[in-house]
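Right, one structure below, let's go through it.
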Amino acid sequence: MLKDLCQTQGQQKLFLSKELTMTKKAEIDWETLGFDYIKTDLRYISYWKDGAWDEGTLTEDNTIHIGEASPCLHYGQECFEGLKAYQTRNGEIQLFRVDQNAKRFKDSCERLLMPTIPEETFIAACIEVVKANEAYLPPYGTGGSLYIRPMMIGIGNSIAVKPATEYLFTVFCMPVGAYFKGGMTPVDFMVSDYDRAACNGTGQQKVGGNYAASLIAHDIAVKKGFADCIYLDPLTHTKIEEVGAANFFGITKDNRFITPISCSILPSITKYSLLYLAENVLGLEVSEEDVFIDELDGFAEAGACGTAAVITPIGGIHYHNRLHVFYSQTEVGPITRKLYDTLTNIQLGDIEAPEGWITKVK
């Protein structure tokens with residue numbers, strides 16, 4: 001557990017006090033901020049060797065030094081997470097469902113035979129990184145947030161196809177702007193012939209290989225004028241699985257919230273939050289079930305959901321030379337809008353969150 005971060009590996013001067021982080025102001029144009037890498041002051045780093053994690057430290061160095069034969073480089077033994085910190089109207093800072101990121105990270109580590117990080121250490125590391133980089137937190141009202149990226153990689157020179165002998169766990173952050181600069185607008189997607197992940201593979205874990213496999217399909221979709229692609233199930237190619245790097249949901253014409261179920265879909269924290277809100281706030285019937293690509297006529301609205309945008313409304317899906325349009329290609333459906341507003345207001349502290357969803361950074 002982040003014990004004496006300021007006293008580890010000669011980093012005493014790098015552990016900023018609360019007073020310093022409160023007074024420093026980053027020179028950033030919050031209104032034009034996008035979703036690009038920005039180096040912030042400090043990041044957390046910890047090493048696993050000889051069966052144990054060290055105590056971890058905060059460091060200014062944003063360059064990772066590893067051996068050329070590290071298994072993460074050759075065999076993809078790595079995983080990561082993505083979450084956000086938000087500033088509220090009254091100036092507080094809060095993390096959204098960080099405990100769920102910690103649980104999913106643990107699952108990814110176990111799937112790749114990597115040592116796990118205790119959930120309390122994962123959460124504490126995220127909190128300390130946010131506190132140390134508070135100057136980069138976009139102010140309330142700008143639509144921005146502080147994006148947090150925890151990750152683990154297998155290191156130590158070993159050319160054999162086997163788990164690494166050493167591991168590195170790090171957490172860094174960067175400010176990101178509002179996803180929808182001109183307001184939330186529906187976009188179109190096309191169905192891809194490629195598979196993102198396989199059943200009984202690593203589709204349910206947040207590992208880099210899943211994303212590398214999606215690059216070519218995304219490139220094809222964009223070149224054809226679509227925002228991204230729809231992936232179908234790898235076994236039959238008849239059921240919707242994911243939308244680019246996000247989860248799919250649909251609102252049926254009889255007001256049910258439906259999202260696909262599959263052994264190769266990443267369990268999105270945003271998706272499960274929307275499932276809860278759809279049922280307990282909007283009063284909809286909700287279900288995880290098969291969503292067949294040839295049954296799109298049953299949906300009145302559709303969207304993709306994930307950490308970056310929360311919800312991306314789907315205007316239409318192109319399949320077999322036909323564009324199936326849902327609510328509209330220019331306007332957001334009323335239920336999709338309500339779900340988006342409810343969830344983002346919870347993240348920003350404007351409305352009360354369900355118990356356990358918010359972690360305050362103090």
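Residue numbering restarts at 1 for every chain of the structure tokens, chains are lettered A, B, ... in their displayed order, and ligands are numbered from 1 as they appear.
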Could you give me, as a PyMOL selection string, the residues within 6 Å of region 54-56 of chain A, counting only C-alpha atoms and dropping anything in the same chain fewer than 2 positions from it?
chain A and resi 45-47
As an MDAnalysis selection string, please: every residue in region 179-353 of chain A that DSSP puts in strand (DSSP E).
chainID A and resid 187:191 228:232 240:243 246:252 256:259 285:288 299:306 310:319 322:325
Near-region 264-274 of chain A list (6 Å; only C-alpha atoms; drop same-chain fewer than 4 positions) as an mmCIF file with C-alpha atoms, in the first residue's frame:
```cif
data_model
loop_
_atom_site.group_PDB
_atom_site.id
_atom_site.type_symbol
_atom_site.label_atom_id
_atom_site.label_comp_id
_atom_site.auth_asym_id
_atom_site.auth_seq_id
_atom_site.Cartn_x
_atom_site.Cartn_y
_atom_site.Cartn_z
ATOM 1 C CA ALA A 198 -12.458 -14.675 -29.959
ATOM 2 C CA CYS A 199 -14.661 -16.558 -27.524
ATOM 3 C CA GLY A 203 -12.039 -10.265 -25.296
ATOM 4 C CA GLN A 204 -13.282 -9.859 -21.724
ATOM 5 C CA GLN A 205 -9.957 -8.435 -20.563
ATOM 6 C CA ALA A 278 -31.936 2.784 -17.139
ATOM 7 C CA GLY A 306 -17.351 3.814 -22.824
#
```
So which residues touch region 234-238 of chain A within 6 Å, counting only C-alpha atoms, skipping near sequence neighbours fewer than 6 positions away, as a list of chain:residue names?
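What passes the distance filter is A:Asp195, A:Ala198, A:Phe292, A:Ile293.
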Take the residues just selected and output them with N, CA, C and O atoms as a PDB file, in the first residue's frame.
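Below you can see part-v6.pdb, which holds the result:
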```pdb
ATOM      1  N   ASP A 195     -12.728  -9.788 -36.949  1.00  0.00           N
ATOM      2  CA  ASP A 195     -13.087 -10.088 -35.569  1.00  0.00           C
ATOM      3  C   ASP A 195     -12.182  -9.317 -34.626  1.00  0.00           C
ATOM      4  O   ASP A 195     -10.967  -9.229 -34.843  1.00  0.00           O
ATOM      5  N   ALA A 198     -11.811 -13.373 -29.825  1.00  0.00           N
ATOM      6  CA  ALA A 198     -12.458 -14.675 -29.959  1.00  0.00           C
ATOM      7  C   ALA A 198     -13.061 -15.129 -28.640  1.00  0.00           C
ATOM      8  O   ALA A 198     -12.597 -14.746 -27.561  1.00  0.00           O
ATOM      9  N   PHE A 292     -29.101  -9.570 -32.585  1.00  0.00           N
ATOM     10  CA  PHE A 292     -28.842 -10.037 -33.947  1.00  0.00           C
ATOM     11  C   PHE A 292     -28.791  -8.875 -34.932  1.00  0.00           C
ATOM     12  O   PHE A 292     -29.650  -7.984 -34.906  1.00  0.00           O
ATOM     13  N   ILE A 293     -27.816  -8.895 -35.801  1.00  0.00           N
ATOM     14  CA  ILE A 293     -27.602  -7.805 -36.729  1.00  0.00           C
ATOM     15  C   ILE A 293     -28.752  -7.651 -37.724  1.00  0.00           C
ATOM     16  O   ILE A 293     -29.017  -6.552 -38.219  1.00  0.00           O
TER      17      ILE A 293
END
```
Rounded to one decimal place, report the CA of Ala197 (chain A)-CA of Asn210 (chain A) distance in Å.
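Interatomic distance, CA of Ala197 (chain A) to CA of Asn210 (chain A): 6.2 Å.
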Within 6 Å of region 327-342 of chain A, counting only C-alpha atoms, which residues show up once you throw out same-chain ones fewer than 6 positions away? Write them as a list of chain:residue names, please.
A:Pro186, A:Ala300, A:Glu301, A:Gly315
Write out as a tab-separated table the residues of region 183-265 of chain A that have any atom within 8 Å of an atom of region 71-86 of chain A, one row each with the nearest atom pair and its distance in Å to one decimal, counting only C-alpha atoms, sorted by chain and then rising number.
```
residue	atom	partner	partner_atom	distance
A:Gln205	CA	A:Cys79	CA	8.0
A:Lys206	CA	A:Cys79	CA	5.8
A:Val207	CA	A:Cys79	CA	4.3
A:Gly208	CA	A:Cys79	CA	6.2
A:Gly209	CA	A:Gly76	CA	6.6
```
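If you look at CA of Asp290 (chain A) and CA of Ile251 (chain A), they are 13.9 Å away from each other.
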Using only C-alpha atoms, which residues sit within 9 Å of Asp188 (chain A) once same-chain residues fewer than 6 positions away are excluded, as a list in words?
Gly225, Phe226, Ala227, Asp228, Cys229, Pro313, Ile314, Gly315, Gly316, Ile317, His318, Leu323, Val325 and Gln329 of chain A
Output the selection as a short mmCIF file (atom, residue, chain, number, x, y, z; two decimals), in the first residue's frame - all heavy atoms for each residue.
```cif
data_model
loop_
_atom_site.label_atom_id
_atom_site.label_comp_id
_atom_site.auth_asym_id
_atom_site.auth_seq_id
_atom_site.Cartn_x
_atom_site.Cartn_y
_atom_site.Cartn_z
N GLY A 225 -15.82 6.60 -44.71
CA GLY A 225 -16.68 7.69 -44.26
C GLY A 225 -17.47 7.42 -43.00
O GLY A 225 -18.37 8.19 -42.66
N PHE A 226 -17.14 6.34 -42.27
CA PHE A 226 -17.84 6.00 -41.03
C PHE A 226 -16.99 6.35 -39.81
O PHE A 226 -15.76 6.47 -39.91
CB PHE A 226 -18.20 4.52 -41.01
CG PHE A 226 -19.15 4.11 -42.10
CD1 PHE A 226 -18.67 3.61 -43.31
CD2 PHE A 226 -20.51 4.25 -41.95
CE1 PHE A 226 -19.53 3.25 -44.33
CE2 PHE A 226 -21.40 3.90 -42.96
CZ PHE A 226 -20.90 3.40 -44.15
N ALA A 227 -17.63 6.50 -38.67
CA ALA A 227 -16.91 6.83 -37.45
C ALA A 227 -16.05 5.67 -36.98
O ALA A 227 -14.93 5.86 -36.51
CB ALA A 227 -17.89 7.23 -36.34
N ASP A 228 -16.57 4.47 -37.12
CA ASP A 228 -15.85 3.25 -36.73
C ASP A 228 -16.67 2.06 -37.21
O ASP A 228 -17.59 2.23 -38.01
CB ASP A 228 -15.65 3.19 -35.21
CG ASP A 228 -14.39 2.44 -34.80
OD1 ASP A 228 -14.00 1.50 -35.53
OD2 ASP A 228 -13.81 2.77 -33.76
N CYS A 229 -16.31 0.88 -36.72
CA CYS A 229 -16.99 -0.31 -37.21
C CYS A 229 -17.71 -1.07 -36.09
O CYS A 229 -17.42 -0.90 -34.91
CB CYS A 229 -16.00 -1.25 -37.91
SG CYS A 229 -14.65 -1.77 -36.86
N PRO A 313 -23.99 8.51 -29.62
CA PRO A 313 -25.23 8.10 -30.28
C PRO A 313 -24.95 7.52 -31.66
O PRO A 313 -24.14 8.07 -32.42
CB PRO A 313 -26.04 9.38 -30.37
CG PRO A 313 -25.39 10.33 -29.42
CD PRO A 313 -23.95 9.96 -29.37
N ILE A 314 -25.60 6.44 -32.00
CA ILE A 314 -25.46 5.83 -33.32
C ILE A 314 -26.60 6.31 -34.21
O ILE A 314 -27.77 6.07 -33.91
CB ILE A 314 -25.46 4.29 -33.24
CG1 ILE A 314 -24.28 3.80 -32.41
CG2 ILE A 314 -25.40 3.69 -34.65
CD1 ILE A 314 -24.24 2.29 -32.22
N GLY A 315 -26.24 7.01 -35.28
CA GLY A 315 -27.26 7.44 -36.23
C GLY A 315 -27.74 6.27 -37.07
O GLY A 315 -28.93 6.00 -37.18
N GLY A 316 -26.78 5.55 -37.66
CA GLY A 316 -27.14 4.40 -38.48
C GLY A 316 -26.02 3.37 -38.52
O GLY A 316 -24.86 3.67 -38.22
N ILE A 317 -26.38 2.15 -38.90
CA ILE A 317 -25.42 1.05 -39.08
C ILE A 317 -25.53 0.55 -40.51
O ILE A 317 -26.62 0.18 -40.98
CB ILE A 317 -25.69 -0.10 -38.09
CG1 ILE A 317 -25.42 0.36 -36.66
CG2 ILE A 317 -24.84 -1.32 -38.43
CD1 ILE A 317 -25.72 -0.71 -35.61
N HIS A 318 -24.40 0.53 -41.19
CA HIS A 318 -24.37 0.06 -42.58
C HIS A 318 -24.08 -1.43 -42.60
O HIS A 318 -23.06 -1.89 -42.10
CB HIS A 318 -23.30 0.82 -43.36
CG HIS A 318 -23.33 0.54 -44.83
ND1 HIS A 318 -22.58 -0.47 -45.41
CD2 HIS A 318 -24.03 1.13 -45.85
CE1 HIS A 318 -22.82 -0.49 -46.71
NE2 HIS A 318 -23.69 0.47 -47.00
N LEU A 323 -27.98 1.24 -45.14
CA LEU A 323 -27.78 1.98 -43.90
C LEU A 323 -29.08 1.97 -43.11
O LEU A 323 -30.08 2.56 -43.52
CB LEU A 323 -27.36 3.43 -44.18
CG LEU A 323 -27.10 4.27 -42.93
CD1 LEU A 323 -25.86 3.75 -42.18
CD2 LEU A 323 -26.92 5.74 -43.29
N VAL A 325 -31.07 3.36 -40.24
CA VAL A 325 -31.08 4.54 -39.39
C VAL A 325 -32.00 4.30 -38.20
O VAL A 325 -33.12 3.78 -38.36
CB VAL A 325 -31.55 5.78 -40.18
CG1 VAL A 325 -31.63 7.00 -39.26
CG2 VAL A 325 -30.59 6.07 -41.33
N GLN A 329 -30.12 10.73 -37.80
CA GLN A 329 -28.70 10.92 -38.07
C GLN A 329 -28.21 12.29 -37.63
O GLN A 329 -27.01 12.57 -37.69
CB GLN A 329 -28.40 10.74 -39.56
CG GLN A 329 -28.51 9.30 -40.05
CD GLN A 329 -28.19 9.17 -41.52
OE1 GLN A 329 -29.06 9.39 -42.37
NE2 GLN A 329 -26.95 8.84 -41.82
#
```
